[in-house]
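S.K.: Questions regarding the structure given below will be posed in turn.
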Amino acid sequence: MESTFGYSAKLFVKKEIKMKFLKYILIAITIMIGLSCEKEKKANIASSDVEVIKPQKQVVYQVFTRLFGNTNTTNKPWGTIEENGVGKFNDFTIRALNEIKNLGVTHIWYTGVPHHDVIGDYTKFGISNDDPDVVKGRAGSPYAVKDYYNVNPDLAVNVENRLEEFQALIERSHNAGLKVIIDIVPNHVARNYKSISRPEGVKDFGEDDDESVAYHKNNNFYYNPNESFKVPVWKNGYSPLGEENHGLEDGEFPEVPAKWTGNGSRLSQPDMNDWYETVKINYGVSPEGIYDFDELPKGYENEEYKKHYDFWKDKEVPDSWIKFRNIALYWLDMDVDGFRYDMAEMVPVEFWSFMNSSIKLKNPDAFLLAEVYNPSLYRDYIKKGKMDFLYDKVQLYDTIKSVMQGKGKTDNIPPILKDLKDIESHMLHFLENHDEQRIASSGFANKAEKGKPAMVVSATSTTSPTMIYFGQEVGEDGSENAGFGAPTRTSIFDYVGVPAHQRWVNNKQFDGGQLTNEEKDLRDFYKRLLNFTINSSALTENYQDIHKYNRENSKNYNDKILSFVRWSLDEKLVVISNFDDKNDYDFELKIPKDILEKWGLNEGGFKVVDQLYDSFRTVLKVENGVGVINIKLRKLESFILKIQ
């Protein structure tokens, strides 16, 4: 039996424990409150010190990798690599990359990096020779990729270490402050695709295909069972490699059964104008157009990439989807920062949802640019396909080109910008790329200076990225007869030198030492313009057209001139360009009342200074709710006027 003392002692002990427990709770609460206050105090202090990262316009410098550092000026049609020379990864020195960066560039697109077909003997490195009957040009098409897990051996000083040399280039590019983009071509591969560099466990395209049927969901290619591939019939005197007789050029290429060609031709003997050097990839779309994969649910165009990733992670998808997803992730592991997708619209948008959501999950900042030429597909490929950017080719580029050639009117430009307003930030602008004619060529504008007003409009009219093609900034005219490639475009199929660009390279000093005065002035213009765009807050925010208003209200303002305004909280710009290469114009540029109200400008005078050359200073006069700037605009001149 327990004594009373014992019972009382237990009550006392319990009371003591309870009091101590309450004491500890109070102490803990006090500490927590103190920590919380200190945390809030530190957060408040930190918030005042944290640098706010502002949006920035992006500028892509596309460079055809094998041409950049080539200083050979022979330019013999169909010339060999020994005769005409070739550039290397190592030619992109830190000096060269810094000069590109200082031009106002944020991203560099190295075109032609993945190992594609070439006419050259690398058999001692375990690389099979490529058949001229299914290769375009002597240097080969960069879009007939032969091995996605390695790089073009032409670009390496030491072929055995070619991948390591490219990795070193990626590192140098990053050290120069440039993000790196390379090509992926999901629609097709080289006719003789065979990877000798694929990681362990990775199977080649077609390795597990059932070749007895035209189509199977998990076949990588489409087939014509029981038929053999036949080389196209060459017309108009064409012959692979020109006049040279090459041992492998015999009008035959062994392929049984025949595969469908990259552009969609189902013929076992494609036409010479088809993409005969490539074979089309099967993404689970039957010859009848039936989709053998899940479609995105309604409303997914409004979902973020993580939701898209979650949608696909438990779905059975065609084998080709997985192969290309793994290729992209492989290059991300190499520290590549993004991809340019060739002919993306020829591949189902659902694949892009799968592919791009996987990429973004690994690198949310990856730069994803697609070649899509059908405006009716733009929004699907951006919203469903999770593309960051598309070429603005069919609408803006084609229209500006027409104006530059003196055929079209600037009146046609504002409606395009209005039509694309909801996706304007996704529509990358350019005036040149490897597929298009050089501005200075006879097929485009005949002189590089005609690109100046167009470049100002292209670079400043939206928030989207701007792209230039190497040599554009020094007026390269693409007039070389290189072999397979036609003049007016710098050949992407041949070994060739790029003369105006070579004058800037100046024996690999990369200082423009051989440029003419006109070429130096042109490069200076591009440098001023591009650097302004990447540092302007107004170009990341608001746009409004004033062209129509001035067409109706300003004397001497005509359809050779274009004007618009851009603004942010701390920057107000008026952009005006003269596309006329024959006439100067003197007129009153008028700023309508609604813009002045948005800018908070009342009656009076406001200083205006040109941001390109600081050579034009005037006053914006506001009277009776209308702003007026007296403009004297010389031929092909542009102003980016900042309101002080």
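Here, A, B, ... name the chains of the structure tokens in the order displayed, residue numbers run from 1 inside each chain, and ligands are numbered from 1 in the same displayed order.
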Output as a ChimeraX atom specification all residues of range 370-568 of chain A that backbone DSSP marks as strand (DSSP E or B).
M.R.: /A:370,389-391,427-430,466-469,542-545,561-568
S.K.: Which range 95-193 of chain A residues have any atom within 12 Å of an atom of range 277-301 of chain A, and for each, what is the nearest pair of atoms with distance in Å to one decimal, counting only C-alpha atoms, rows sorted by chain and number, as a Markdown table?
M.R.:
```
| residue | atom | partner | partner_atom | distance |
| --- | --- | --- | --- | --- |
| A:His116 | CA | A:Thr278 | CA | 10.7 |
| A:Asp117 | CA | A:Glu277 | CA | 9.1 |
| A:Val118 | CA | A:Glu277 | CA | 11.5 |
| A:Asp130 | CA | A:Glu277 | CA | 10.7 |
| A:Asp131 | CA | A:Glu277 | CA | 9.7 |
| A:Pro132 | CA | A:Glu277 | CA | 9.4 |
| A:Asp133 | CA | A:Glu277 | CA | 8.1 |
| A:Val134 | CA | A:Glu277 | CA | 4.5 |
| A:Val135 | CA | A:Glu277 | CA | 5.6 |
| A:Lys136 | CA | A:Glu277 | CA | 7.0 |
| A:Gly137 | CA | A:Glu277 | CA | 10.7 |
| A:Gly140 | CA | A:Glu277 | CA | 9.5 |
| A:Ser141 | CA | A:Glu277 | CA | 8.5 |
| A:Pro142 | CA | A:Glu277 | CA | 11.0 |
| A:Tyr143 | CA | A:Thr278 | CA | 8.3 |
| A:Ala144 | CA | A:Thr278 | CA | 5.8 |
| A:Val145 | CA | A:Thr278 | CA | 8.4 |
| A:Lys146 | CA | A:Thr278 | CA | 9.7 |
| A:Val185 | CA | A:Ile281 | CA | 9.9 |
| A:Pro186 | CA | A:Ile281 | CA | 7.2 |
| A:Asn187 | CA | A:Ile281 | CA | 5.5 |
| A:His188 | CA | A:Lys280 | CA | 4.4 |
| A:Val189 | CA | A:Thr278 | CA | 5.4 |
| A:Ala190 | CA | A:Thr278 | CA | 4.5 |
| A:Arg191 | CA | A:Thr278 | CA | 4.7 |
| A:Asn192 | CA | A:Thr278 | CA | 8.2 |
| A:Tyr193 | CA | A:Thr278 | CA | 9.0 |
```
S.K.: Rank A:Asn531, A:Thr488, A:Asn550, A:Thr71 by their smallest atom-to-atom distance to Asp411 in chain A, using only C-alpha atoms, and report the top residue only.
M.R.: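 Looking at the shortest contact to Asp411 in chain A, the residue is A:Asn550.
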S.K.: Please run DSSP on the backbone and report, as a list in words, all residues within range 91-123 of chain A that come out as alpha helix (DSSP H).
M.R.: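 Those residues are Ile94, Arg95, Ala96, Leu97, Asn98, Glu99, Ile100, Lys101 and Asn102 of chain A.
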S.K.: Keeping all heavy atoms for every residue in the selection just given, could you write it to a file as a short mmCIF file (atom, residue, chain, number, x, y, z; two decimals), in the first residue's frame?
M.R.:
```
data_model
loop_
_atom_site.label_atom_id
_atom_site.label_comp_id
_atom_site.auth_asym_id
_atom_site.auth_seq_id
_atom_site.Cartn_x
_atom_site.Cartn_y
_atom_site.Cartn_z
N ILE A 94 39.43 32.40 -77.82
CA ILE A 94 38.77 33.27 -76.86
C ILE A 94 38.71 34.70 -77.41
O ILE A 94 37.73 35.42 -77.17
CB ILE A 94 39.48 33.23 -75.48
CG1 ILE A 94 38.60 33.89 -74.41
CG2 ILE A 94 40.86 33.83 -75.55
CD1 ILE A 94 37.29 33.19 -74.15
N ARG A 95 39.69 35.10 -78.21
CA ARG A 95 39.65 36.43 -78.85
C ARG A 95 38.47 36.51 -79.82
O ARG A 95 37.72 37.49 -79.82
CB ARG A 95 40.97 36.70 -79.58
CG ARG A 95 40.97 37.94 -80.48
CD ARG A 95 40.86 39.23 -79.68
NE ARG A 95 40.71 40.40 -80.53
CZ ARG A 95 41.72 41.11 -81.04
NH1 ARG A 95 42.97 40.74 -80.79
NH2 ARG A 95 41.48 42.18 -81.76
N ALA A 96 38.32 35.48 -80.65
CA ALA A 96 37.22 35.47 -81.62
C ALA A 96 35.88 35.50 -80.91
O ALA A 96 34.96 36.25 -81.30
CB ALA A 96 37.33 34.24 -82.52
N LEU A 97 35.74 34.70 -79.87
CA LEU A 97 34.47 34.61 -79.15
C LEU A 97 34.17 35.92 -78.41
O LEU A 97 33.01 36.34 -78.36
CB LEU A 97 34.51 33.43 -78.17
CG LEU A 97 34.55 32.05 -78.84
CD1 LEU A 97 34.89 30.97 -77.83
CD2 LEU A 97 33.21 31.73 -79.52
N ASN A 98 35.18 36.55 -77.87
CA ASN A 98 34.97 37.84 -77.21
C ASN A 98 34.50 38.90 -78.20
O ASN A 98 33.66 39.74 -77.88
CB ASN A 98 36.24 38.30 -76.50
CG ASN A 98 36.48 37.58 -75.19
OD1 ASN A 98 35.55 37.06 -74.58
ND2 ASN A 98 37.73 37.52 -74.76
N GLU A 99 35.06 38.87 -79.41
CA GLU A 99 34.64 39.82 -80.44
C GLU A 99 33.19 39.59 -80.85
O GLU A 99 32.45 40.53 -81.11
CB GLU A 99 35.56 39.72 -81.66
CG GLU A 99 36.95 40.29 -81.44
CD GLU A 99 36.92 41.77 -81.09
OE1 GLU A 99 36.16 42.53 -81.71
OE2 GLU A 99 37.66 42.17 -80.16
N ILE A 100 32.78 38.31 -80.91
CA ILE A 100 31.38 38.00 -81.21
C ILE A 100 30.48 38.48 -80.07
O ILE A 100 29.45 39.10 -80.29
CB ILE A 100 31.20 36.48 -81.45
CG1 ILE A 100 31.92 36.07 -82.73
CG2 ILE A 100 29.72 36.11 -81.51
CD1 ILE A 100 32.01 34.57 -82.94
N LYS A 101 30.89 38.20 -78.85
CA LYS A 101 30.14 38.66 -77.68
C LYS A 101 30.01 40.17 -77.68
O LYS A 101 28.92 40.72 -77.44
CB LYS A 101 30.85 38.18 -76.40
CG LYS A 101 30.30 38.75 -75.10
CD LYS A 101 28.91 38.25 -74.81
CE LYS A 101 28.42 38.74 -73.45
NZ LYS A 101 27.03 38.33 -73.18
N ASN A 102 31.10 40.87 -77.98
CA ASN A 102 31.09 42.34 -77.96
C ASN A 102 30.26 42.95 -79.08
O ASN A 102 29.94 44.14 -79.05
CB ASN A 102 32.53 42.87 -78.01
CG ASN A 102 33.31 42.56 -76.75
OD1 ASN A 102 32.73 42.33 -75.70
ND2 ASN A 102 34.63 42.54 -76.86
#
```
S.K.: Using only C-alpha atoms, can you tell me which of A:Tyr378, A:Trp234, A:Phe493, A:Phe579 comes closest to Trp78 in chain A?
M.R.: A:Phe493
S.K.: Calculate how many Å separate CA of Phe587 in chain A from CA of Pro453 in chain A, rounding to one decimal.
M.R.: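 Going from CA of Phe587 in chain A over to CA of Pro453 in chain A, I get 17.7 Å.
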S.K.: As an MDAnalysis selection string, please: the residues near range 510-526 of chain A (cut-off 6 Å, only C-alpha atoms, same-chain neighbours under 3 positions excluded).
M.R.: chainID A and resid 96 473:474 503:506 529:530
S.K.: Next, dump the selected residues to file, keeping only all heavy atoms, as a short mmCIF file (atom, residue, chain, number, x, y, z; two decimals), in the first residue's frame.
M.R.:
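Result saved to out-v1.cif:
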```
data_model
loop_
_atom_site.label_atom_id
_atom_site.label_comp_id
_atom_site.auth_asym_id
_atom_site.auth_seq_id
_atom_site.Cartn_x
_atom_site.Cartn_y
_atom_site.Cartn_z
N ALA A 96 38.32 35.48 -80.65
CA ALA A 96 37.22 35.47 -81.62
C ALA A 96 35.88 35.50 -80.91
O ALA A 96 34.96 36.25 -81.30
CB ALA A 96 37.33 34.24 -82.52
N GLU A 473 27.21 41.00 -90.85
CA GLU A 473 27.60 42.26 -90.24
C GLU A 473 28.72 42.97 -91.01
O GLU A 473 29.03 44.13 -90.73
CB GLU A 473 28.01 42.04 -88.78
CG GLU A 473 29.32 41.32 -88.57
CD GLU A 473 29.21 39.79 -88.60
OE1 GLU A 473 28.26 39.26 -89.22
OE2 GLU A 473 30.09 39.13 -88.02
N VAL A 474 29.33 42.27 -92.00
CA VAL A 474 30.35 42.91 -92.83
C VAL A 474 29.95 42.91 -94.31
O VAL A 474 30.76 43.22 -95.18
CB VAL A 474 31.73 42.26 -92.64
CG1 VAL A 474 32.29 42.58 -91.26
CG2 VAL A 474 31.68 40.75 -92.87
N ARG A 503 38.07 38.79 -94.42
CA ARG A 503 38.76 40.07 -94.20
C ARG A 503 38.63 40.51 -92.75
O ARG A 503 39.53 41.15 -92.20
CB ARG A 503 38.20 41.13 -95.16
CG ARG A 503 38.59 40.89 -96.61
CD ARG A 503 38.29 42.08 -97.50
NE ARG A 503 36.89 42.26 -97.79
CZ ARG A 503 36.24 41.64 -98.78
NH1 ARG A 503 36.88 40.76 -99.55
NH2 ARG A 503 34.96 41.88 -99.01
N TRP A 504 37.50 40.16 -92.12
CA TRP A 504 37.38 40.45 -90.68
C TRP A 504 38.26 39.51 -89.87
O TRP A 504 38.92 39.93 -88.92
CB TRP A 504 35.92 40.33 -90.23
CG TRP A 504 35.79 40.48 -88.75
CD1 TRP A 504 35.82 41.65 -88.05
CD2 TRP A 504 35.65 39.43 -87.78
NE1 TRP A 504 35.72 41.39 -86.70
CE2 TRP A 504 35.60 40.04 -86.51
CE3 TRP A 504 35.56 38.04 -87.87
CZ2 TRP A 504 35.48 39.30 -85.33
CZ3 TRP A 504 35.43 37.30 -86.70
CH2 TRP A 504 35.39 37.93 -85.45
N VAL A 505 38.30 38.23 -90.25
CA VAL A 505 39.13 37.25 -89.54
C VAL A 505 40.60 37.67 -89.56
O VAL A 505 41.31 37.51 -88.56
CB VAL A 505 38.95 35.85 -90.17
CG1 VAL A 505 39.97 34.86 -89.62
CG2 VAL A 505 37.53 35.33 -89.90
N ASN A 506 41.06 38.24 -90.72
CA ASN A 506 42.40 38.81 -90.82
C ASN A 506 43.47 37.86 -90.29
O ASN A 506 44.18 38.15 -89.31
CB ASN A 506 42.47 40.15 -90.07
CG ASN A 506 43.77 40.90 -90.35
OD1 ASN A 506 44.39 40.70 -91.39
ND2 ASN A 506 44.17 41.76 -89.41
N LEU A 529 23.73 48.79 -82.82
CA LEU A 529 22.32 48.40 -82.76
C LEU A 529 22.10 47.23 -81.81
O LEU A 529 21.23 47.30 -80.92
CB LEU A 529 21.82 48.04 -84.16
CG LEU A 529 20.39 47.46 -84.23
CD1 LEU A 529 19.37 48.47 -83.74
CD2 LEU A 529 20.07 47.01 -85.66
N LEU A 530 22.87 46.16 -81.98
CA LEU A 530 22.64 44.96 -81.17
C LEU A 530 22.94 45.21 -79.70
O LEU A 530 22.21 44.72 -78.82
CB LEU A 530 23.48 43.81 -81.71
CG LEU A 530 23.14 43.36 -83.14
CD1 LEU A 530 24.06 42.24 -83.58
CD2 LEU A 530 21.68 42.91 -83.24
#
```
S.K.: List the neighbours of Gly85 in chain A out to 10 Å using only C-alpha atoms; skip same-chain residues closer than 5 positions along the sequence, and give me the result as an NGL selection string.
M.R.: :A and (66-67 or 69-75 or 79-80 or 495-497)
S.K.: Using only C-alpha atoms for the distances, tell me which of A:Gly338, A:Pro592, A:Pro414, A:Gly478 is nearest to Trp109 in chain A.
M.R.: A:Gly338
S.K.: Pick out the closest residue to Phe606 in chain A from this set: A:Asp398, A:Asp91, A:Asp419, A:Glu623. Count only C-alpha atoms.
M.R.: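 Once distances to Phe606 in chain A are computed over only C-alpha atoms, the minimum belongs to A:Glu623.
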S.K.: Could you list, as JSON, numbers by chain, every residue within 6 Å of range 353-365 of chain A, counting only C-alpha atoms and ignoring same-chain residues fewer than 3 positions away?
M.R.: {"A": [305, 309, 325, 350, 385, 386]}
S.K.: Dump N, CA and C atoms for the selected residues as an mmCIF file, in the first residue's frame?
M.R.:
```cif
data_model
loop_
_atom_site.group_PDB
_atom_site.id
_atom_site.type_symbol
_atom_site.label_atom_id
_atom_site.label_comp_id
_atom_site.auth_asym_id
_atom_site.auth_seq_id
_atom_site.Cartn_x
_atom_site.Cartn_y
_atom_site.Cartn_z
ATOM 1 N N TYR A 305 5.308 23.289 -68.857
ATOM 2 C CA TYR A 305 6.022 22.103 -69.328
ATOM 3 C C TYR A 305 6.007 20.960 -68.309
ATOM 4 N N TYR A 309 5.199 17.119 -69.041
ATOM 5 C CA TYR A 309 6.093 16.019 -68.683
ATOM 6 C C TYR A 309 5.337 14.940 -67.901
ATOM 7 N N ARG A 325 14.648 12.042 -77.794
ATOM 8 C CA ARG A 325 14.695 12.623 -76.443
ATOM 9 C C ARG A 325 16.049 12.334 -75.799
ATOM 10 N N GLU A 350 2.690 16.607 -80.757
ATOM 11 C CA GLU A 350 2.717 15.839 -79.509
ATOM 12 C C GLU A 350 4.131 15.382 -79.167
ATOM 13 N N GLY A 385 3.503 22.419 -78.258
ATOM 14 C CA GLY A 385 4.825 21.835 -78.459
ATOM 15 C C GLY A 385 5.899 22.379 -77.546
ATOM 16 N N LYS A 386 5.561 23.436 -76.792
ATOM 17 C CA LYS A 386 6.484 24.026 -75.825
ATOM 18 C C LYS A 386 7.785 24.525 -76.457
#
```
S.K.: So that I can check the surroundings of Pro375 in chain A, please list as a PyMOL selection string every protein, DNA and RNA residue that reaches within 9 Å of it, counting only C-alpha atoms and ignoring chain neighbours fewer than 3 positions away.
M.R.: chain A and resi 372+378-379+392+394-395
S.K.: Return the single residue from A:Arg340, A:Asp581, A:Phe221, A:Lys508 that is closest to Asn90 in chain A, with distances computed using only C-alpha atoms.
M.R.: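 Closest to Asn90 in chain A of all the choices is A:Lys508.
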S.K.: Using only C-alpha atoms, determine which residues lie at most 7 Å from range 151-157 of chain A, disregarding the query and same-chain residues fewer than 6 positions distant; provide the list as a count of residues only.
M.R.: 10
S.K.: For a test of reading the model, state the distance in Å between CA of Lys572 in chain A and CA of Tyr397 in chain A, rounded to one decimal.
M.R.: 26.1 Å
S.K.: Ranking A:Glu571, A:Asp380, A:Asp147, A:Asp335 by minimum distance to Ala168 in chain A and counting only C-alpha atoms, which one comes first?
M.R.: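 Going through A:Glu571, A:Asp380, A:Asp147, A:Asp335 one by one, the smallest distance to Ala168 in chain A is for A:Asp335.
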